[in-house]
file target_28.cif (mmCIF, C-alpha atoms)
data_target
#
loop_
_atom_site.label_atom_id
_atom_site.label_comp_id
_atom_site.auth_asym_id
_atom_site.auth_seq_id
_atom_site.Cartn_x
_atom_site.Cartn_y
_atom_site.Cartn_z
CA MET S 1 -23.02 85.80 138.50
CA LYS S 2 -19.95 84.02 139.82
CA LYS S 3 -18.77 83.52 136.25
CA ILE S 4 -19.04 87.24 135.50
CA ILE S 5 -17.09 88.12 138.63
CA GLY S 6 -14.39 85.57 137.73
CA LYS S 7 -14.01 87.04 134.23
CA CYS S 8 -13.64 90.55 135.67
CA LEU S 9 -10.94 89.38 138.06
CA MET S 10 -9.10 87.70 135.20
CA LEU S 11 -9.26 90.92 133.17
CA LEU S 12 -7.92 92.98 136.10
CA LEU S 13 -5.13 90.46 136.61
CA CYS S 14 -4.23 90.69 132.93
CA PHE S 15 -4.15 94.52 133.03
CA ALA S 16 -2.00 94.40 136.14
CA MET S 17 0.43 92.02 134.47
CA VAL S 18 0.65 94.21 131.35
CA GLY S 19 1.26 97.32 133.46
CA TYR S 20 3.98 95.59 135.45
CA VAL S 21 5.75 94.43 132.29
CA ALA S 22 5.52 97.89 130.71
CA ASP S 23 6.92 99.48 133.85
CA ALA S 24 9.81 97.03 133.93
CA GLN S 25 10.63 97.69 130.28
CA ALA S 26 10.54 101.43 130.86
CA LYS S 27 13.05 101.09 133.70
CA LYS S 28 15.35 98.98 131.53
CA LYS S 29 15.26 101.52 128.69
CA LYS S 30 16.47 104.46 130.81
CA PRO S 31 20.09 103.27 131.40
CA THR S 32 20.24 102.10 127.79
CA THR S 33 19.38 105.60 126.63
CA ARG S 34 22.11 107.08 128.81
CA THR S 35 24.67 104.67 127.46
CA VAL S 36 23.74 105.53 123.94
CA LYS S 37 24.17 109.21 124.70
CA LYS S 38 27.60 108.59 126.15
CA ARG S 39 28.63 106.60 123.08
CA THR S 40 27.32 109.33 120.83
CA THR S 41 29.34 111.89 122.75
CA ALA S 42 32.43 109.73 122.51
CA LYS S 43 31.97 109.41 118.78
CA LYS S 44 31.74 113.16 118.41
CA THR S 45 34.95 113.60 120.38
CA THR S 46 36.70 111.02 118.25
CA ASN S 47 35.52 112.68 115.08
CA SER S 48 36.68 116.06 116.29
CA ARG S 49 40.13 114.67 117.10
CA THR S 50 40.33 113.03 113.70
CA LYS S 51 39.43 116.28 112.00
CA ALA S 52 42.01 118.16 114.03
CA LYS S 53 44.72 115.80 112.81
CA ILE S 54 43.73 116.20 109.20
CA SER S 55 43.55 120.01 109.30
CA PRO S 56 46.59 121.90 107.88
CA ALA S 57 46.88 123.99 111.03
CA ALA S 58 47.48 120.89 113.11
CA LYS S 59 50.10 119.70 110.63
CA ALA S 60 51.93 122.99 110.98
CA ASP S 61 51.88 122.56 114.75
CA THR S 62 53.42 119.11 114.57
CA ALA S 63 56.40 120.39 112.52
CA VAL S 64 57.82 122.68 115.18
CA VAL S 65 60.33 125.28 114.02
CA ILE S 66 62.81 126.25 116.70
CA ALA S 67 63.63 129.94 116.83
CA GLN S 68 66.66 131.12 114.91
CA PRO S 69 69.76 131.47 117.10
CA LYS S 70 71.18 134.94 117.55
CA ILE S 71 74.45 135.44 115.72
CA ASP S 72 76.10 138.39 117.43
CA SER S 73 79.71 137.28 117.82
CA LEU S 74 82.53 136.38 115.48
CA PRO S 75 84.29 132.98 115.52
CA ILE S 76 87.24 134.05 117.67
CA PRO S 77 89.13 131.23 119.43
CA ASN S 78 88.94 131.48 123.22
CA VAL S 79 92.56 131.71 124.34
CA LYS S 80 93.36 131.50 128.06
CA LYS S 81 96.03 133.81 129.39
CA SER S 82 99.18 132.31 130.85
CA LEU S 83 99.28 132.33 134.66
CA ARG S 84 103.08 132.45 134.61
CA PRO S 85 105.49 134.44 132.40
CA ASN S 86 105.55 132.69 129.04
CA ASP S 87 108.78 134.38 127.92
CA ALA S 88 112.25 134.59 129.38
CA ILE S 89 112.29 138.38 128.88
CA GLU S 90 109.84 141.13 129.76
CA ARG S 91 107.73 142.04 126.77
CA ASN S 92 106.32 145.42 127.67
CA LEU S 93 107.25 146.97 124.35
CA VAL S 94 104.62 145.00 122.49
CA THR S 95 101.69 146.53 124.35
CA GLU S 96 103.21 150.03 124.31
CA ARG S 97 104.19 150.05 120.65
CA THR S 98 102.57 152.73 118.44
CA PRO S 99 103.00 153.26 114.68
CA LEU S 100 104.83 156.24 113.25
CA ALA S 101 102.66 158.96 111.80
CA TYR S 102 102.45 159.20 108.03
CA GLU S 103 104.39 161.88 106.26
CA HIS S 104 102.06 164.60 105.03
CA LEU S 105 101.65 164.69 101.27
CA ARG S 106 100.35 167.85 99.64
CA GLU S 107 97.99 167.51 96.72
CA ASP S 108 100.04 169.94 94.63
CA ASP S 109 103.16 167.82 95.13
CA ALA S 110 101.47 164.58 94.03
CA VAL S 111 102.38 164.62 90.34
CA TYR S 112 101.50 160.94 89.87
CA ARG S 113 98.64 159.01 91.51
CA GLN S 114 97.24 155.59 90.70
CA LYS S 115 95.05 153.19 92.69
CA VAL S 116 95.95 149.51 92.70
CA TRP S 117 94.07 146.47 94.01
CA ARG S 118 96.04 143.36 94.95
CA GLU S 119 95.18 139.80 95.98
CA ILE S 120 97.27 138.22 98.73
CA ASP S 121 97.21 134.43 98.67
CA THR S 122 98.47 133.17 102.04
CA ARG S 123 99.25 129.75 100.60
CA GLU S 124 102.28 131.20 98.85
CA LYS S 125 105.59 130.80 100.64
CA MET S 126 106.24 134.50 101.22
CA ASN S 127 102.77 134.96 102.74
CA LEU S 128 102.83 131.97 105.11
CA PRO S 129 103.12 134.21 108.23
CA PHE S 130 99.48 135.19 107.59
CA ARG S 131 98.49 131.62 108.55
CA TYR S 132 100.55 131.33 111.74
CA ALA S 133 98.00 129.78 114.12
CA ALA S 134 99.76 129.81 117.51
CA ASN S 135 98.12 131.27 120.63
CA ASP S 136 99.48 134.06 122.79
CA ASN S 137 98.17 136.12 125.69
CA ASN S 138 96.68 138.63 123.24
CA GLY S 139 94.80 135.88 121.37
CA ASN S 140 95.22 133.72 118.32
CA GLN S 141 97.97 134.92 115.97
CA ARG S 142 96.23 134.22 112.66
CA PHE S 143 95.84 137.36 110.61
CA ILE S 144 92.11 136.74 110.21
CA SER S 145 91.79 136.32 113.99
CA ILE S 146 93.44 139.69 114.51
CA LEU S 147 90.88 141.26 112.16
CA PHE S 148 87.96 139.51 113.88
CA LYS S 149 89.08 140.57 117.34
CA ALA S 150 89.42 144.20 116.26
CA ILE S 151 85.92 144.10 114.76
CA GLN S 152 84.43 142.35 117.80
CA ASP S 153 85.84 144.98 120.17
CA GLY S 154 84.47 147.85 118.10
CA PRO S 155 85.59 151.50 118.16
CA ASP S 156 84.50 151.90 121.79
CA LYS S 157 86.97 149.26 123.04
CA GLY S 158 89.93 150.12 120.85
CA GLY S 159 88.69 148.21 117.79
CA VAL S 160 87.66 149.38 114.35
CA THR S 161 84.56 150.03 112.26
CA VAL S 162 83.90 147.55 109.48
CA PHE S 163 82.29 148.49 106.17
CA ASN S 164 80.04 146.64 103.76
CA GLN S 165 81.52 144.98 100.70
CA VAL S 166 78.94 146.71 98.46
CA ASP S 167 81.82 148.97 97.43
CA ASP S 168 85.41 149.61 98.48
CA ARG S 169 84.95 153.30 99.36
CA PHE S 170 83.94 152.64 103.01
CA THR S 171 80.42 154.06 102.66
CA THR S 172 78.21 151.62 104.63
CA PRO S 173 79.17 150.63 108.21
CA MET S 174 78.19 147.18 109.46
CA THR S 175 77.33 145.90 112.93
CA VAL S 176 79.09 142.94 114.53
CA ALA S 177 75.95 140.82 114.07
CA GLU S 178 75.89 141.61 110.34
CA VAL S 179 79.56 140.72 109.99
CA ALA S 180 79.03 137.46 111.90
CA LYS S 181 76.15 136.54 109.59
CA VAL S 182 78.26 137.22 106.51
CA VAL S 183 81.19 135.22 107.87
CA SER S 184 79.14 132.16 108.89
CA GLY S 185 76.80 132.29 105.88
CA GLY S 186 73.68 132.68 108.04
CA SER S 187 71.55 129.99 109.63
CA VAL S 188 70.43 126.78 107.95
CA SER S 189 67.20 124.82 108.63
CA VAL S 190 68.04 121.25 109.64
CA PRO S 191 65.15 118.69 109.87
CA MET S 192 64.72 116.67 113.07
CA TYR S 193 63.45 113.07 112.94
CA ASP S 194 61.81 110.75 115.43
CA SER S 195 62.57 107.04 115.94
CA LEU S 196 60.32 106.12 113.00
CA GLY S 197 62.07 108.46 110.58
CA ASN S 198 59.27 111.05 110.47
CA VAL S 199 60.07 114.76 110.42
CA THR S 200 59.08 116.21 113.78
CA GLY S 201 60.41 119.73 113.28
CA TYR S 202 63.15 121.95 111.98
CA LYS S 203 66.07 123.44 113.85
CA GLU S 204 67.89 126.61 112.85
CA THR S 205 71.62 126.08 113.20
CA VAL S 206 74.80 127.90 112.19
CA ALA S 207 77.62 126.15 110.37
CA GLU S 208 80.98 125.98 112.08
CA VAL S 209 83.52 128.41 110.63
CA ASN S 210 87.01 127.17 109.80
CA LEU S 211 89.46 130.06 110.17
CA ASP S 212 91.90 128.42 107.76
CA SER S 213 89.30 128.81 104.98
CA PHE S 214 90.14 132.55 104.87
CA TYR S 215 93.36 132.28 102.90
CA LYS S 216 92.91 135.19 100.48
CA PHE S 217 92.81 138.93 101.15
CA HIS S 218 92.30 141.93 98.91
CA ILE S 219 94.09 145.18 99.62
CA LYS S 220 93.38 148.55 98.09
CA GLU S 221 96.27 150.96 97.90
CA GLU S 222 97.37 154.15 96.20
CA VAL S 223 100.77 154.87 94.72
CA ILE S 224 101.86 158.51 94.80
CA PHE S 225 104.98 160.21 93.51
CA ASP S 226 105.80 163.24 95.64
CA LYS S 227 107.89 165.80 93.77
CA GLU S 228 108.96 167.55 96.98
CA SER S 229 110.76 164.51 98.39
CA SER S 230 111.23 162.83 94.97
CA ARG S 231 109.87 159.59 96.38
CA LEU S 232 107.29 157.04 95.35
CA PHE S 233 104.90 156.33 98.25
CA TRP S 234 102.67 153.29 98.59
CA ARG S 235 99.75 153.91 100.94
CA ILE S 236 97.41 151.03 101.79
CA LEU S 237 93.79 152.16 102.16
CA GLY S 238 91.75 149.02 102.93
CA ILE S 239 91.87 145.27 103.56
CA ALA S 240 89.10 142.78 102.74
CA PRO S 241 89.07 139.03 103.50
CA VAL S 242 87.90 136.82 100.65
CA LYS S 243 85.99 133.55 100.99
CA ASN S 244 84.66 130.97 98.58
CA VAL S 245 80.90 131.07 99.26
CA ILE S 246 78.88 127.83 98.94
CA THR S 247 75.14 127.91 99.65
CA SER S 248 73.28 125.37 101.80
CA GLN S 249 72.06 123.73 98.57
CA GLY S 250 75.67 123.16 97.47
CA LEU S 251 75.75 125.95 94.87
CA ASP S 252 79.22 127.43 94.45
CA LEU S 253 78.95 131.22 94.17
CA GLY S 254 82.69 131.71 93.77
CA GLU S 255 85.00 133.99 95.71
CA THR S 256 83.59 137.18 97.20
CA GLU S 257 84.79 139.91 99.54
CA LEU S 258 83.17 139.70 102.97
CA PHE S 259 83.78 143.24 104.26
CA TRP S 260 86.28 146.08 104.14
CA VAL S 261 88.41 147.45 106.99
CA TYR S 262 90.07 150.86 106.74
CA TYR S 263 93.80 150.20 107.05
CA PRO S 264 94.83 153.47 108.82
CA ASP S 265 92.36 152.52 111.58
CA MET S 266 94.07 149.13 111.94
CA ARG S 267 97.64 150.45 112.16
CA PRO S 268 97.65 150.94 115.99
CA ILE S 269 96.27 147.40 116.38
CA PHE S 270 98.70 145.82 113.92
CA ALA S 271 101.58 147.48 115.80
CA LYS S 272 100.78 145.35 118.88
CA TYR S 273 100.97 141.99 117.06
CA GLU S 274 104.25 140.44 116.02
CA VAL S 275 104.73 138.60 112.75
CA TYR S 276 105.97 135.03 112.80
CA ASN S 277 109.58 134.74 111.62
CA SER S 278 111.21 131.32 111.44
CA LYS S 279 114.65 132.95 110.99
CA ASN S 280 114.58 135.29 113.99
CA TYR S 281 118.15 136.55 114.43
CA GLY S 282 117.45 139.44 116.74
CA ALA S 283 113.97 140.90 116.59
CA ARG S 284 110.58 140.39 115.08
CA MET S 285 108.62 142.98 113.16
CA SER S 286 105.03 143.90 113.81
CA TRP S 287 102.22 143.55 111.30
CA GLU S 288 102.26 147.32 110.80
CA GLU S 289 105.95 147.16 109.89
CA LEU S 290 105.32 144.25 107.54
CA PHE S 291 102.75 146.20 105.53
CA GLU S 292 104.75 149.45 105.52
CA SER S 293 107.93 147.60 104.50
CA ARG S 294 105.88 145.66 101.91
CA MET S 295 107.15 142.29 103.08
CA PHE S 296 104.37 140.43 101.31
CA TYR S 297 103.45 139.43 97.79
CA GLY S 298 100.16 140.32 96.14
CA ARG S 299 99.33 140.02 92.48
CA ILE S 300 97.59 143.00 90.89
CA ILE S 301 93.94 142.29 90.04
CA LYS S 302 92.83 145.83 89.18
CA SER S 303 94.22 149.33 88.69
CA THR S 304 93.16 152.74 87.46
CA LEU S 305 95.98 152.67 84.90
CA ASP S 306 94.59 152.26 81.35
CA ASN S 307 91.24 151.08 82.74
CA PRO S 308 88.50 153.44 81.47
CA PHE S 309 85.69 150.99 82.29
CA ASP S 310 86.84 150.40 85.90
CA GLN S 311 86.99 146.62 85.46
CA LEU S 312 88.93 143.87 87.15
CA LEU S 313 91.56 142.15 85.03
CA SER S 314 89.38 139.04 85.16
CA GLN S 315 86.55 141.02 83.49
CA GLN S 316 88.50 142.69 80.71
CA GLN S 317 88.13 141.52 77.14
CA GLY S 318 90.84 139.12 76.14
CA LEU S 319 91.94 138.43 79.75
CA LYS S 320 88.89 136.90 81.45
CA ASP S 321 89.45 133.45 79.93
CA SER S 322 93.14 133.14 80.87
CA ARG S 323 94.58 133.35 84.38
CA ILE S 324 98.11 133.45 82.96
CA LEU S 325 97.35 136.54 80.89
CA GLN S 326 95.81 138.21 83.94
CA LEU S 327 98.98 137.53 85.93
CA LEU S 328 101.18 138.87 83.11
CA GLU S 329 99.02 142.00 82.78
CA GLY S 330 99.38 142.60 86.53
CA GLU S 331 103.16 142.39 86.20
CA ASN S 332 102.95 144.75 83.23
CA ILE S 333 101.12 147.33 85.38
CA LYS S 334 103.78 146.97 88.06
CA ASP S 335 106.52 147.60 85.47
CA LYS S 336 104.74 150.71 84.15
CA ILE S 337 104.66 152.23 87.64
CA PHE S 338 108.30 151.32 88.26
CA ASN S 339 109.43 152.71 84.90
CA TYR S 340 107.59 155.97 85.50
CA GLU S 341 109.66 156.60 88.61
CA GLN S 342 112.92 155.54 86.95
CA ASN S 343 112.33 157.70 83.89
CA LEU S 344 112.14 160.81 86.08
CA TRP S 345 115.83 160.49 86.90
CA SER S 346 118.63 161.50 84.57
CA TYR S 347 122.04 159.86 84.73
#

call {"tool": "encode", "arguments": {"input": "target_28.cif", "output": "structure tokens"}}
result
Amino acid sequence: MKKIIGKCLMLLLCFAMVGYVADAQAKKKKPTTRTVKKRTTAKKTTNSRTKAKISPAAKADTAVVIAQPKIDSLPIPNVKKSLRPNDAIERNLVTERTPLAYEHLREDDAVYRQKVWREIDTREKMNLPFRYAANDNNGNQRFISILFKAIQDGPDKGGVTVFNQVDDRFTTPMTVAEVAKVVSGGSVSVPMYDSLGNVTGYKETVAEVNLDSFYKFHIKEEVIFDKESSRLFWRILGIAPVKNVITSQGLDLGETELFWVYYPDMRPIFAKYEVYNSKNYGARMSWEELFESRMFYGRIIKSTLDNPFDQLLSQQQGLKDSRILQLLEGENIKDKIFNYEQNLWSY
């Protein structure tokens, strides 16, 4: 009997030991399970981050493109006004000067009419006053700066309206922002790099404009012989600055007209700017007087005389391959107009 009781006690002790061990193992497994869950969650987060980096959308976000800057002003030098009189004499006449009105020409009296287009190259000696770059109280004295200031002011502030270069008949007005974009060539995307040389984004920037790069101008004018006064009149109609356009990729597009300005609108403005004269023996003329007195040189690049296809001299057959022949043909057109007037007189 004692043996049976002893065996039962041993069995109970064994069951108790097994239960204790199982309970201890169960307690140890609970924190392990939590740790595994945390690791699994961390792995998912890591995988999601890795996928986000590989996705094209995330790549687009890393290459940030900065917004394009607004181009709404022309490159006009900022000239400070003198706080003391900058001249030994009072110069009130400059601001009060107005151009003389044109003489009226009747259509019936215009027995001869031709349109002529000229190119003024300011690098030539006679045209050097166009490049005079000094500053005065009314701004920079370059001819292109005078044009830019008149366009920037606009018709509301005593300026002028500018027209698109799509044609030379003044059909399409342009805003100041459009003119500024044409002058500067628009914005260019410039890549930005980090310290490791990787592209981190792109920045829209505008190239700096050199005012001395505008050294050619086209003028459109009409020559009229008035039989009432027996005079040959030259009337300028428009002025267009010319620039050699080079794209951001380095492609040379050649010379092109940027815009057209109606010359009669510019006459009151030109009358308030004096022309540089290195041999000033008494007085200086205004820009309006320079154009009306024709104190400039421009070679003829197109005319309506013997031009049924309305082409430039550089486009005509037999002339487009030779600049010398184009120059000689321009002088020939000038002689034809001169001889027409001279042949009307009898001696």

call {"tool": "residues_around", "arguments": {"input": "target_28.cif", "residues": "region 259-267 of chain S", "least_positions_apart": "4", "cutoff": "6 Å", "atoms": "only C-alpha atoms", "output": "short mmCIF file (atom, residue, chain, number, x, y, z; two decimals) with C-alpha atoms, keeping the file's coordinate frame"}}
result
data_model
loop_
_atom_site.label_atom_id
_atom_site.label_comp_id
_atom_site.auth_asym_id
_atom_site.auth_seq_id
_atom_site.Cartn_x
_atom_site.Cartn_y
_atom_site.Cartn_z
CA VAL S 162 83.90 147.55 109.48
CA PHE S 163 82.29 148.49 106.17
CA ASN S 164 80.04 146.64 103.76
CA GLN S 165 81.52 144.98 100.70
CA LEU S 237 93.79 152.16 102.16
CA GLY S 238 91.75 149.02 102.93
CA ILE S 239 91.87 145.27 103.56
CA ALA S 240 89.10 142.78 102.74
CA GLU S 288 102.26 147.32 110.80
#

call {"tool": "resolve_selection", "arguments": {"input": "target_28.cif", "expression": "the PyMOL selection byres ((chain S and resi 302-308) around 6)", "output": "number ranges by chain"}}
result
S: 114-117, 300-301, 309-310, 312-313

call {"tool": "resolve_selection", "arguments": {"input": "target_28.cif", "expression": "the PyMOL selection byres ((chain S and resi 141) around 12)", "output": "ChimeraX atom specification"}}
result
/S:76-77,79,129-140,142-149,211,270,272-276,286-287

call {"tool": "closest_residue", "arguments": {"input": "target_28.cif", "among": "S:Ser73, S:Asn343, S:Asn92, S:Asn277", "to": "Ile151 (chain S)", "atoms": "only C-alpha atoms"}}
result
S:Ser73

call {"tool": "closest_residue", "arguments": {"input": "target_28.cif", "among": "S:Gln152, S:Gln316, S:Ser195, S:Asn244", "to": "Ala180 (chain S)", "atoms": "all atoms listed in the file"}}
result
S:Gln152

call {"tool": "closest_residue", "arguments": {"input": "target_28.cif", "among": "S:Glu292, S:Asp335, S:Glu255, S:Asp153", "to": "His218 (chain S)", "atoms": "all atoms listed in the file"}}
result
S:Glu255

call {"tool": "closest_residue", "arguments": {"input": "target_28.cif", "among": "S:Leu83, S:Ile5, S:Leu105, S:Phe170", "to": "Arg231 (chain S)", "atoms": "only C-alpha atoms"}}
result
S:Leu105

call {"tool": "resolve_selection", "arguments": {"input": "target_28.cif", "expression": "the PyMOL selection byres ((chain S and resi 110) around 12)", "output": "list in words"}}
result
His104, Leu105, Arg106, Glu107, Asp108, Asp109, Val111, Tyr112, Arg113, Gln114, Glu222, Val223, Ile224, Phe225, Asp226, Lys227, Glu228, Ser229, Ser230, Arg231, Leu232 and Phe233 of chain S

call {"tool": "write_last_selection", "arguments": {"input": "target_28.cif", "atoms": "C-alpha atoms", "output": "short mmCIF file (atom, residue, chain, number, x, y, z; two decimals), keeping the file's coordinate frame"}}
result
data_model
loop_
_atom_site.label_atom_id
_atom_site.label_comp_id
_atom_site.auth_asym_id
_atom_site.auth_seq_id
_atom_site.Cartn_x
_atom_site.Cartn_y
_atom_site.Cartn_z
CA HIS S 104 102.06 164.60 105.03
CA LEU S 105 101.65 164.69 101.27
CA ARG S 106 100.35 167.85 99.64
CA GLU S 107 97.99 167.51 96.72
CA ASP S 108 100.04 169.94 94.63
CA ASP S 109 103.16 167.82 95.13
CA VAL S 111 102.38 164.62 90.34
CA TYR S 112 101.50 160.94 89.87
CA ARG S 113 98.64 159.01 91.51
CA GLN S 114 97.24 155.59 90.70
CA GLU S 222 97.37 154.15 96.20
CA VAL S 223 100.77 154.87 94.72
CA ILE S 224 101.86 158.51 94.80
CA PHE S 225 104.98 160.21 93.51
CA ASP S 226 105.80 163.24 95.64
CA LYS S 227 107.89 165.80 93.77
CA GLU S 228 108.96 167.55 96.98
CA SER S 229 110.76 164.51 98.39
CA SER S 230 111.23 162.83 94.97
CA ARG S 231 109.87 159.59 96.38
CA LEU S 232 107.29 157.04 95.35
CA PHE S 233 104.90 156.33 98.25
#

call {"tool": "atom_distance", "arguments": {"input": "target_28.cif", "atom1": "CA of Gln326 (chain S)", "atom2": "CA of Leu344 (chain S)"}}
result
28.0 Å

call {"tool": "atom_distance", "arguments": {"input": "target_28.cif", "atom1": "CA of Ala271 (chain S)", "atom2": "CA of Asp167 (chain S)"}}
result
27.0 Å

call {"tool": "decode", "arguments": {"input": "target_28.cif", "residues": "region 271-299 of chain S", "atoms": "N, CA and C atoms", "output": "PDB file, in the first residue's frame"}}
result
ATOM      1  N   ALA S 271      12.773 114.319 -79.323  1.00  0.00           N
ATOM      2  CA  ALA S 271      13.060 115.754 -79.230  1.00  0.00           C
ATOM      3  C   ALA S 271      13.629 116.137 -77.876  1.00  0.00           C
ATOM      4  N   LYS S 272      13.447 115.288 -76.856  1.00  0.00           N
ATOM      5  CA  LYS S 272      13.921 115.603 -75.499  1.00  0.00           C
ATOM      6  C   LYS S 272      15.268 114.946 -75.191  1.00  0.00           C
ATOM      7  N   TYR S 273      15.884 114.309 -76.151  1.00  0.00           N
ATOM      8  CA  TYR S 273      17.199 113.689 -75.962  1.00  0.00           C
ATOM      9  C   TYR S 273      18.182 114.297 -76.957  1.00  0.00           C
ATOM     10  N   GLU S 274      19.307 114.725 -76.445  1.00  0.00           N
ATOM     11  CA  GLU S 274      20.323 115.326 -77.303  1.00  0.00           C
ATOM     12  C   GLU S 274      21.272 114.262 -77.834  1.00  0.00           C
ATOM     13  N   VAL S 275      21.783 114.520 -79.021  1.00  0.00           N
ATOM     14  CA  VAL S 275      22.715 113.609 -79.683  1.00  0.00           C
ATOM     15  C   VAL S 275      24.140 114.004 -79.307  1.00  0.00           C
ATOM     16  N   TYR S 276      24.957 113.003 -79.056  1.00  0.00           N
ATOM     17  CA  TYR S 276      26.356 113.276 -78.729  1.00  0.00           C
ATOM     18  C   TYR S 276      27.068 113.873 -79.936  1.00  0.00           C
ATOM     19  N   ASN S 277      27.826 114.943 -79.688  1.00  0.00           N
ATOM     20  CA  ASN S 277      28.602 115.602 -80.738  1.00  0.00           C
ATOM     21  C   ASN S 277      29.959 115.953 -80.157  1.00  0.00           C
ATOM     22  N   SER S 278      30.992 115.299 -80.669  1.00  0.00           N
ATOM     23  CA  SER S 278      32.344 115.549 -80.151  1.00  0.00           C
ATOM     24  C   SER S 278      32.890 116.888 -80.610  1.00  0.00           C
ATOM     25  N   LYS S 279      32.293 117.488 -81.642  1.00  0.00           N
ATOM     26  CA  LYS S 279      32.738 118.794 -82.158  1.00  0.00           C
ATOM     27  C   LYS S 279      31.618 119.808 -81.938  1.00  0.00           C
ATOM     28  N   ASN S 280      31.275 120.029 -80.678  1.00  0.00           N
ATOM     29  CA  ASN S 280      30.172 120.917 -80.326  1.00  0.00           C
ATOM     30  C   ASN S 280      30.680 122.356 -80.314  1.00  0.00           C
ATOM     31  N   TYR S 281      30.342 123.132 -81.354  1.00  0.00           N
ATOM     32  CA  TYR S 281      30.789 124.513 -81.445  1.00  0.00           C
ATOM     33  C   TYR S 281      29.698 125.505 -81.082  1.00  0.00           C
ATOM     34  N   GLY S 282      28.596 125.091 -80.601  1.00  0.00           N
ATOM     35  CA  GLY S 282      27.564 126.047 -80.230  1.00  0.00           C
ATOM     36  C   GLY S 282      26.334 125.379 -79.665  1.00  0.00           C
ATOM     37  N   ALA S 283      25.878 124.339 -80.298  1.00  0.00           N
ATOM     38  CA  ALA S 283      24.638 123.695 -79.851  1.00  0.00           C
ATOM     39  C   ALA S 283      24.630 122.254 -80.312  1.00  0.00           C
ATOM     40  N   ARG S 284      23.837 121.465 -79.619  1.00  0.00           N
ATOM     41  CA  ARG S 284      23.661 120.077 -79.995  1.00  0.00           C
ATOM     42  C   ARG S 284      22.259 119.864 -80.553  1.00  0.00           C
ATOM     43  N   MET S 285      22.148 118.958 -81.490  1.00  0.00           N
ATOM     44  CA  MET S 285      20.838 118.646 -82.047  1.00  0.00           C
ATOM     45  C   MET S 285      20.189 117.521 -81.256  1.00  0.00           C
ATOM     46  N   SER S 286      18.896 117.437 -81.360  1.00  0.00           N
ATOM     47  CA  SER S 286      18.160 116.343 -80.732  1.00  0.00           C
ATOM     48  C   SER S 286      18.109 115.157 -81.690  1.00  0.00           C
ATOM     49  N   TRP S 287      17.647 114.017 -81.153  1.00  0.00           N
ATOM     50  CA  TRP S 287      17.524 112.832 -81.994  1.00  0.00           C
ATOM     51  C   TRP S 287      16.472 113.048 -83.084  1.00  0.00           C
ATOM     52  N   GLU S 288      15.435 113.820 -82.786  1.00  0.00           N
ATOM     53  CA  GLU S 288      14.427 114.097 -83.801  1.00  0.00           C
ATOM     54  C   GLU S 288      15.018 114.918 -84.938  1.00  0.00           C
ATOM     55  N   GLU S 289      15.881 115.869 -84.608  1.00  0.00           N
ATOM     56  CA  GLU S 289      16.546 116.664 -85.644  1.00  0.00           C
ATOM     57  C   GLU S 289      17.541 115.832 -86.427  1.00  0.00           C
ATOM     58  N   LEU S 290      18.182 114.886 -85.781  1.00  0.00           N
ATOM     59  CA  LEU S 290      19.129 114.022 -86.490  1.00  0.00           C
ATOM     60  C   LEU S 290      18.421 113.207 -87.568  1.00  0.00           C
ATOM     61  N   PHE S 291      17.275 112.619 -87.214  1.00  0.00           N
ATOM     62  CA  PHE S 291      16.563 111.807 -88.206  1.00  0.00           C
ATOM     63  C   PHE S 291      15.959 112.666 -89.307  1.00  0.00           C
ATOM     64  N   GLU S 292      15.404 113.837 -88.945  1.00  0.00           N
ATOM     65  CA  GLU S 292      14.789 114.683 -89.968  1.00  0.00           C
ATOM     66  C   GLU S 292      15.845 115.321 -90.872  1.00  0.00           C
ATOM     67  N   SER S 293      17.021 115.587 -90.345  1.00  0.00           N
ATOM     68  CA  SER S 293      18.116 116.126 -91.159  1.00  0.00           C
ATOM     69  C   SER S 293      18.907 115.023 -91.856  1.00  0.00           C
ATOM     70  N   ARG S 294      18.590 113.772 -91.528  1.00  0.00           N
ATOM     71  CA  ARG S 294      19.218 112.601 -92.146  1.00  0.00           C
ATOM     72  C   ARG S 294      20.736 112.604 -91.922  1.00  0.00           C
ATOM     73  N   MET S 295      21.097 112.854 -90.664  1.00  0.00           N
ATOM     74  CA  MET S 295      22.501 112.850 -90.276  1.00  0.00           C
ATOM     75  C   MET S 295      22.912 111.449 -89.819  1.00  0.00           C
ATOM     76  N   PHE S 296      22.639 110.473 -90.634  1.00  0.00           N
ATOM     77  CA  PHE S 296      23.024 109.099 -90.356  1.00  0.00           C
ATOM     78  C   PHE S 296      23.238 108.397 -91.691  1.00  0.00           C
ATOM     79  N   TYR S 297      23.857 107.245 -91.619  1.00  0.00           N
ATOM     80  CA  TYR S 297      24.051 106.452 -92.836  1.00  0.00           C
ATOM     81  C   TYR S 297      23.403 105.087 -92.655  1.00  0.00           C
ATOM     82  N   GLY S 298      22.586 104.706 -93.641  1.00  0.00           N
ATOM     83  CA  GLY S 298      21.968 103.389 -93.639  1.00  0.00           C
ATOM     84  C   GLY S 298      21.960 102.835 -95.049  1.00  0.00           C
ATOM     85  N   ARG S 299      22.454 101.646 -95.189  1.00  0.00           N
ATOM     86  CA  ARG S 299      22.468 101.028 -96.523  1.00  0.00           C
ATOM     87  C   ARG S 299      21.093 100.437 -96.819  1.00  0.00           C
TER      88      ARG S 299
END
